[in-house]
Amino acid sequence: MDTMIANSMWVLIASILVFLMHAGFAMVEVGFTRAKNAVNIIMKNFVTISVGVLCFFFVGYGFMYGSDIGGFIGSDMFMLLNKPIEINGISFDIFFFFQAIFAATCATIVSGAMAERTKFGSYIIFCFVATLLIYPLIGHWIWGGGFLAERIGFMDFAGGTAVHAVGGVCALAGAWLVGPRSGKYKNGVIKPIPGHNIPLGALGVLILWFGWFGFNPGSTLDITSPQTAHAAITTLLSGAAATCGALVISSIKYGKVDAGLTLNGALAGLVGITAGANIISFVGSIIVGLISGILMIYSVEFIDQRLKIDDPVGAISVHGVCGVFGTLAIGLLSTAEGAKGLFYGGGLSLLGSQAIGVLISCMAAFMLAFTTFIILKNTVGLKVESHEEMNGLDAMEHGVSAYMDMV
Amino acid sequence: MDTMIANSMWVLIASILVFLMHAGFAMVEVGFTRAKNAVNIIMKNFVTISVGVLCFFFVGYGFMYGSDIGGFIGSDMFMLLNKPIEINGISFDIFFFFQAIFAATCATIVSGAMAERTKFGSYIIFCFVATLLIYPLIGHWIWGGGFLAERIGFMDFAGGTAVHAVGGVCALAGAWLVGPRSGKYKNGVIKPIPGHNIPLGALGVLILWFGWFGFNPGSTLDITSPQTAHAAITTLLSGAAATCGALVISSIKYGKVDAGLTLNGALAGLVGITAGANIISFVGSIIVGLISGILMIYSVEFIDQRLKIDDPVGAISVHGVCGVFGTLAIGLLSTAEGAKGLFYGGGLSLLGSQAIGVLISCMAAFMLAFTTFIILKNTVGLKVESHEEMNGLDAMEHGVSAYMDMV
Amino acid sequence: MDTMIANSMWVLIASILVFLMHAGFAMVEVGFTRAKNAVNIIMKNFVTISVGVLCFFFVGYGFMYGSDIGGFIGSDMFMLLNKPIEINGISFDIFFFFQAIFAATCATIVSGAMAERTKFGSYIIFCFVATLLIYPLIGHWIWGGGFLAERIGFMDFAGGTAVHAVGGVCALAGAWLVGPRSGKYKNGVIKPIPGHNIPLGALGVLILWFGWFGFNPGSTLDITSPQTAHAAITTLLSGAAATCGALVISSIKYGKVDAGLTLNGALAGLVGITAGANIISFVGSIIVGLISGILMIYSVEFIDQRLKIDDPVGAISVHGVCGVFGTLAIGLLSTAEGAKGLFYGGGLSLLGSQAIGVLISCMAAFMLAFTTFIILKNTVGLKVESHEEMNGLDAMEHGVSAYMDMV
């Protein structure tokens, strides 16, 4: 057996692990929202996977990895026509499989932030835009031979920016434009709206963590590289440190061990290490995790209480803020030969490249998502009617209760 | 490391993924039925795995893969006596492990269709019959050197017929003979009985999809084959297309995005592609998925409203009907060298073989299952007493509530 | 690709499977306890993983696998300083990753036995002790070059003693010292306190079983060894046999198919085969499973009704008693060349070694855990106030309900 087979096997298995992350996202989003909207959020997750995979197959892959035009966008390989046998040292089919499952992740982040009040049809349309255009375009710049990686030297190992920051920024645009859930900000009082099933949410977090061991270590595409095992360990340590960080800070800040923040803490650490999991040291990954877990708490508070943007699951903070932070952290903590971070004697140049890359990616994602949502808002509408929100989306859009006989 | 080791590793991991499908089945069945029978359906799933694996070890494997007698049944290797070191290019032990976990799947399909009113003891007896005889016998015809594959040229890659159609047909016999749940068909009115936990059901579907990436791609037994990656992609695309198909058609037909049908749509697409996942093209797999998702909806309606057979989870339609459809679809869409489907210039001969194989397999499965259930019905009984059904099987057979303090 | 790469890939994947066991433990513990303490037990599981992994990285690994001092404890490699590239024929980083995920398992066992009445802070402190000292120390004796393996010839393949018996014995010390939940033993009446979510508990068991296929077969660290596939099959058969054993005996003993005991039966079989999964024959594994499943039932009854130690999830019996039994069973059923068990003509010597090893390990674990808990009890306290217990730990320690709007 040659190395190509070994690497293909590894990436195939890693892809399958990443697939289960969709179950993780679904359970986190369902657990952290209210029972009356549980079916709706589940359905949105199924739409994301299904629409996402098909859009990426027909168009998205071509935009992302097709022949580069001016560093800006790919231009062929739609429907995988004229596909090669191998790419990047692994089977082409397996490379596509890995990428297709990644693509749907980006949109999923948005469904959580807009949960409990967004029209089903409008969300579906956004899914098309996200997996046809937003993710593939920015992904091309970062991973597909585009200008961010090639000309600016931007580094994003497993998608701290390409997946998480981009998803988080789209979530920000969406949650802002759709407006808060009714009752959330009323007469100047900010009302917490707790989720209805913490055990399911916790299961979701652990499933996500499990899948992340495909997401990060799988991104080397190379089982023979020491970076693969390294990324597994940094993913473990960063998640653990972020959990501890969020647990301790939430206890001090709020006088109790907060479940939602601790669970989101784990995710914050996983997002935080994603961009640099392969080149940040073990101790570095613990630092990145700790800061991510704590940063997320302050970000959740800031977005909720200052910006008054209603993000039911904390997706903007977890994915957006920690995705950005983790990408910048490479500029400080990279140990890569020839691209060392500031703290390892590499000077400010890498940090500068990282900042430029993050800024361009996030601005582009925000503009595209904002434009999509503003068009939707002024045409089919973004938010459900207030009586639908009151009665719950499950009863109104799906004619069913998630927990028949129980609630 | 030679190819044998690589392939063995791959099949071992694929088997482990398939194992988790039992968790998927359990959650789908529990989520789609009522709270008062949740413990009972869980217990049936545990019986299926446990009895299934042991029966297959002691007897089933021998019937299925032992030395062939007349193309009809295997005749040795009971308890794996005199087992070889290798088989089909992988470790024998790993081949057995893969097959044993598959075997239990077939019976599991039946537990869903007969849920909420079947006697626990009778189901256990059926499990013995299914994994000692029904599955191994028909499996021998298809995969074990029997007459369907060898003489008729019947093709069933990963068990569209051997597992799903056979399971679905047994489910049909069982659900028909045990009769409907009380109140389901009363005075000519057909009463829908919704499940009690859609989030758990959805989790089950996603876990099943995850496991299917072991079930289908693993069935090549060969990580070096391009068919392995191909099967992963067709499994992804077919599931996605079927989800979309079921979502759209259920919305048009019933005026709402139906959760149960959309979730079952995903499963329908996965079942539909199982028989031909290795040799149907990417676009072909999208077509198979779309049709499977839609076909399932009409089948559920037909079985419920015309045949008046009560199938709480839709197992007959999902596994039986889509298993049959997918196996026949090979006759139309196969791209295999030397065995092309009708649409690829292969003429009608493959379609004919597929039809004969499906017909013989389903008839045999139906007769064996029908005989088993009719004997059970006239001896120990199939259906619980009406007061037991009313109070719930959990209270009556297990002396417990699934959700103490909650319901 | 050389064998080192193949083995490293296998162990990496096995480690990831083991990681999901934490989701399994969390769901089992949450499902088998009451709704009012669900968030608390979830939080304890997240603490276990996070604290456990970090402690093992900073100190535990060094004590367990660092340079041996007198057969008693390791002495370097803290923070993985001066780590080699390879160890035991695989990548060092992957070996550490596997070990770190194992380490957290031991403490998790304790959280279940002490559930529903233990102070959050005290449990955290115990987590530190368990993963800094107890598990690494005894692990060193068994796997790290210490005296039990090297001088006494003690055999423990995947942690029947090192993980499960040690965890179970710590659980015994903890559950005893913290005392029973209020109302459990009142005026001489023993009150059963059923769990609140059997479906989640069942999901947890199946996830654990799934992860066990990483835990046991992964412990060979060698995909080329026939023992890897052998261990997969014995893990499957033992779990299946134990489920059947527990189901039948609980039905006979209590007149109903008991869900809790059947689910714990599966776990008992998995624990039972852990120590000898690689060298006990297939039929031997069925025997070990059957006995484990039955033994667990009598042990649960004995601990609950005779010892009057309150173990909400049965962890002492499942992990402690079956871990001990399985380790001793090697002395009877080992088929290993040069270390055959009594029934295979090996005489009493191996059984003697096993007994000594189990005795020393369990005594050491008990003394260390007992000392820790007695100090905690007399300083910060072990048990929450009775009004906190009454109102539930979720409301009191976390200010939240696990099921907002539902209970």
# chains A, B, ... in the order shown; residues from 1 in each chain; ligands from 1

$ residues_around --residues "segment 159-170 of chain B" --least-positions-apart "6" --cutoff "8 Å" --atoms "only C-alpha atoms" --output "PyMOL selection string"
chain B and resi 102-103+105-110+135+138-139+142+271-276+315-324+326-327+358+361-362+365-366+369-370

$ closest_atom_pairs --of "chain B" --to "chain A" --cutoff "9 Å" --atoms "only C-alpha atoms" --output "JSON lines"
{"residue": "B:Met1", "atom": "CA", "partner": "A:Met1", "partner_atom": "CA", "distance": 6.4}
{"residue": "B:Asp2", "atom": "CA", "partner": "A:Met1", "partner_atom": "CA", "distance": 5.3}
{"residue": "B:Thr3", "atom": "CA", "partner": "A:Met1", "partner_atom": "CA", "distance": 5.1}
{"residue": "B:Met4", "atom": "CA", "partner": "A:Met1", "partner_atom": "CA", "distance": 8.7}
{"residue": "B:Ile5", "atom": "CA", "partner": "A:Met1", "partner_atom": "CA", "distance": 8.8}
{"residue": "B:Ala6", "atom": "CA", "partner": "A:Met1", "partner_atom": "CA", "distance": 7.1}
{"residue": "B:Trp10", "atom": "CA", "partner": "A:Met9", "partner_atom": "CA", "distance": 7.3}
{"residue": "B:Ile13", "atom": "CA", "partner": "A:Ile13", "partner_atom": "CA", "distance": 8.4}
{"residue": "B:Ala14", "atom": "CA", "partner": "A:Ile13", "partner_atom": "CA", "distance": 8.8}
{"residue": "B:Gly31", "atom": "CA", "partner": "A:Tyr403", "partner_atom": "CA", "distance": 8.9}
{"residue": "B:Arg34", "atom": "CA", "partner": "A:Met404", "partner_atom": "CA", "distance": 7.8}
{"residue": "B:Ala35", "atom": "CA", "partner": "A:Asp405", "partner_atom": "CA", "distance": 7.3}
{"residue": "B:Pro194", "atom": "CA", "partner": "A:Met404", "partner_atom": "CA", "distance": 6.8}
{"residue": "B:Gly195", "atom": "CA", "partner": "A:Met404", "partner_atom": "CA", "distance": 6.5}
{"residue": "B:His196", "atom": "CA", "partner": "A:Met404", "partner_atom": "CA", "distance": 4.5}
{"residue": "B:Asn197", "atom": "CA", "partner": "A:Tyr403", "partner_atom": "CA", "distance": 4.8}
{"residue": "B:Ile198", "atom": "CA", "partner": "A:Ala402", "partner_atom": "CA", "distance": 5.0}
{"residue": "B:Pro199", "atom": "CA", "partner": "A:Ala402", "partner_atom": "CA", "distance": 6.9}
{"residue": "B:Leu200", "atom": "CA", "partner": "A:Leu200", "partner_atom": "CA", "distance": 8.7}
{"residue": "B:Ala202", "atom": "CA", "partner": "A:Ile42", "partner_atom": "CA", "distance": 7.1}
{"residue": "B:Leu203", "atom": "CA", "partner": "A:Ala23", "partner_atom": "CA", "distance": 6.0}
{"residue": "B:Gly204", "atom": "CA", "partner": "A:Ala23", "partner_atom": "CA", "distance": 8.9}
{"residue": "B:Val205", "atom": "CA", "partner": "A:Ala23", "partner_atom": "CA", "distance": 8.9}
{"residue": "B:Leu206", "atom": "CA", "partner": "A:Ala23", "partner_atom": "CA", "distance": 5.8}
{"residue": "B:Ile207", "atom": "CA", "partner": "A:Leu20", "partner_atom": "CA", "distance": 7.0}
{"residue": "B:Trp209", "atom": "CA", "partner": "A:Leu20", "partner_atom": "CA", "distance": 8.5}
{"residue": "B:Phe210", "atom": "CA", "partner": "A:Leu20", "partner_atom": "CA", "distance": 6.1}
{"residue": "B:Gly211", "atom": "CA", "partner": "A:Ile16", "partner_atom": "CA", "distance": 8.7}
{"residue": "B:Phe213", "atom": "CA", "partner": "A:Ile16", "partner_atom": "CA", "distance": 6.8}
{"residue": "B:Gly214", "atom": "CA", "partner": "A:Ile16", "partner_atom": "CA", "distance": 8.7}
{"residue": "B:Ile223", "atom": "CA", "partner": "A:Met9", "partner_atom": "CA", "distance": 6.7}
{"residue": "B:Thr224", "atom": "CA", "partner": "A:Ile5", "partner_atom": "CA", "distance": 6.2}
{"residue": "B:Pro226", "atom": "CA", "partner": "A:Ser91", "partner_atom": "CA", "distance": 8.1}
{"residue": "B:Ala229", "atom": "CA", "partner": "A:Ile94", "partner_atom": "CA", "distance": 5.7}
{"residue": "B:His230", "atom": "CA", "partner": "A:Asp93", "partner_atom": "CA", "distance": 6.6}
{"residue": "B:Ala232", "atom": "CA", "partner": "A:Phe97", "partner_atom": "CA", "distance": 7.4}
{"residue": "B:Ile233", "atom": "CA", "partner": "A:Phe97", "partner_atom": "CA", "distance": 6.1}
{"residue": "B:Leu236", "atom": "CA", "partner": "A:Val53", "partner_atom": "CA", "distance": 7.7}
{"residue": "B:Leu237", "atom": "CA", "partner": "A:Leu54", "partner_atom": "CA", "distance": 6.7}
{"residue": "B:Gly239", "atom": "CA", "partner": "A:Ser50", "partner_atom": "CA", "distance": 7.5}
{"residue": "B:Ala240", "atom": "CA", "partner": "A:Ser50", "partner_atom": "CA", "distance": 4.0}
{"residue": "B:Ala241", "atom": "CA", "partner": "A:Ser50", "partner_atom": "CA", "distance": 6.6}
{"residue": "B:Ala242", "atom": "CA", "partner": "A:Ser50", "partner_atom": "CA", "distance": 8.4}
{"residue": "B:Thr243", "atom": "CA", "partner": "A:Ser50", "partner_atom": "CA", "distance": 6.4}
{"residue": "B:Cys244", "atom": "CA", "partner": "A:Ser50", "partner_atom": "CA", "distance": 6.5}
{"residue": "B:Leu247", "atom": "CA", "partner": "A:Val47", "partner_atom": "CA", "distance": 8.6}
{"residue": "B:Gly255", "atom": "CA", "partner": "A:His398", "partner_atom": "CA", "distance": 8.9}
{"residue": "B:Lys256", "atom": "CA", "partner": "A:His398", "partner_atom": "CA", "distance": 5.3}
{"residue": "B:Val257", "atom": "CA", "partner": "A:His398", "partner_atom": "CA", "distance": 5.2}
{"residue": "B:Asp258", "atom": "CA", "partner": "A:His398", "partner_atom": "CA", "distance": 5.7}
{"residue": "B:Ala259", "atom": "CA", "partner": "A:Met43", "partner_atom": "CA", "distance": 6.7}
{"residue": "B:Thr262", "atom": "CA", "partner": "A:Met43", "partner_atom": "CA", "distance": 7.9}
{"residue": "B:Leu263", "atom": "CA", "partner": "A:Phe46", "partner_atom": "CA", "distance": 8.0}
{"residue": "B:Ala266", "atom": "CA", "partner": "A:Phe46", "partner_atom": "CA", "distance": 8.6}
{"residue": "B:Phe282", "atom": "CA", "partner": "A:Met79", "partner_atom": "CA", "distance": 8.6}
{"residue": "B:Val283", "atom": "CA", "partner": "A:Met79", "partner_atom": "CA", "distance": 8.4}
{"residue": "B:Ile286", "atom": "CA", "partner": "A:Leu54", "partner_atom": "CA", "distance": 8.6}
{"residue": "B:Met406", "atom": "CA", "partner": "A:Met406", "partner_atom": "CA", "distance": 7.4}
{"residue": "B:Val407", "atom": "CA", "partner": "A:Met406", "partner_atom": "CA", "distance": 5.5}

$ residues_around --residues "Gly74 of chain C" --least-positions-apart "3" --cutoff "12 Å" --atoms "only C-alpha atoms" --output "PDB file with C-alpha atoms, in the first residue's frame"
ATOM      1  CA  VAL C  59       1.852  15.643  35.434  1.00  0.00           C
ATOM      2  CA  GLY C  60      -0.045  12.371  35.027  1.00  0.00           C
ATOM      3  CA  TYR C  61       1.685  11.108  31.932  1.00  0.00           C
ATOM      4  CA  GLY C  62       5.049  11.607  33.569  1.00  0.00           C
ATOM      5  CA  PHE C  63       4.087   9.627  36.667  1.00  0.00           C
ATOM      6  CA  MET C  64       2.619   6.869  34.509  1.00  0.00           C
ATOM      7  CA  TYR C  65       5.108   6.501  31.672  1.00  0.00           C
ATOM      8  CA  GLY C  66       8.156   8.527  32.730  1.00  0.00           C
ATOM      9  CA  SER C  67      11.452   6.846  33.638  1.00  0.00           C
ATOM     10  CA  ASP C  68      10.664   4.232  36.233  1.00  0.00           C
ATOM     11  CA  ILE C  69      11.829   4.651  39.828  1.00  0.00           C
ATOM     12  CA  GLY C  70      11.925   1.353  41.675  1.00  0.00           C
ATOM     13  CA  GLY C  71       8.964  -0.098  39.815  1.00  0.00           C
ATOM     14  CA  MET C  77       8.243  13.576  30.676  1.00  0.00           C
ATOM     15  CA  PHE C  78       6.052  16.052  32.544  1.00  0.00           C
ATOM     16  CA  LEU C 133      -2.023  10.674  41.006  1.00  0.00           C
ATOM     17  CA  PRO C 136      -1.191   7.397  36.779  1.00  0.00           C
ATOM     18  CA  LEU C 137       0.367   5.680  39.804  1.00  0.00           C
ATOM     19  CA  ILE C 138      -1.515   2.406  39.504  1.00  0.00           C
ATOM     20  CA  GLY C 139      -1.325   2.679  35.731  1.00  0.00           C
ATOM     21  CA  HIS C 140       2.449   2.838  36.066  1.00  0.00           C
ATOM     22  CA  TRP C 141       2.478  -0.389  38.044  1.00  0.00           C
ATOM     23  CA  TRP C 143       1.411  -0.534  32.049  1.00  0.00           C
ATOM     24  CA  GLY C 144       4.250   1.885  32.685  1.00  0.00           C
ATOM     25  CA  GLY C 145       7.025  -0.548  33.550  1.00  0.00           C
ATOM     26  CA  GLY C 146       6.075  -0.839  37.206  1.00  0.00           C
ATOM     27  CA  PHE C 147       6.246  -3.819  39.538  1.00  0.00           C
TER      28      PHE C 147
END

$ select_by_dssp --residues "segment 132-256 of chain A" --states "strand (DSSP E or B)" --output "list in words"
Tyr185, Lys186, Val189 and Ile190 of chain A

$ atom_distance --atom1 "atom CA of Ser353 of chain A" --atom2 "atom CA of Leu270 of chain A"
22.5 Å

$ closest_residue --among "C:Gly331, C:Gly293, C:Gly201, C:Gly188" --to "Arg306 of chain C" --atoms "only C-alpha atoms"
C:Gly188

$ select_by_dssp --residues "segment 91-284 of chain B" --states "alpha helix (DSSP H)" --output "JSON, numbers by chain"
{"B": [92, 93, 94, 95, 96, 97, 98, 99, 100, 101, 102, 103, 104, 105, 106, 107, 108, 109, 110, 111, 112, 113, 120, 121, 122, 123, 124, 125, 126, 127, 128, 129, 135, 136, 137, 138, 139, 140, 141, 142, 143, 147, 148, 149, 150, 166, 167, 168, 169, 170, 171, 172, 173, 174, 175, 176, 177, 178, 198, 199, 200, 201, 202, 203, 204, 205, 206, 207, 208, 209, 210, 211, 212, 213, 214, 215, 226, 227, 228, 229, 230, 231, 232, 233, 234, 235, 236, 237, 238, 239, 240, 241, 242, 243, 244, 245, 246, 247, 248, 249, 250, 251, 252, 253, 254, 259, 260, 261, 262, 263, 264, 265, 266, 267, 268, 269, 270, 271, 272, 273, 274, 282, 283, 284]}
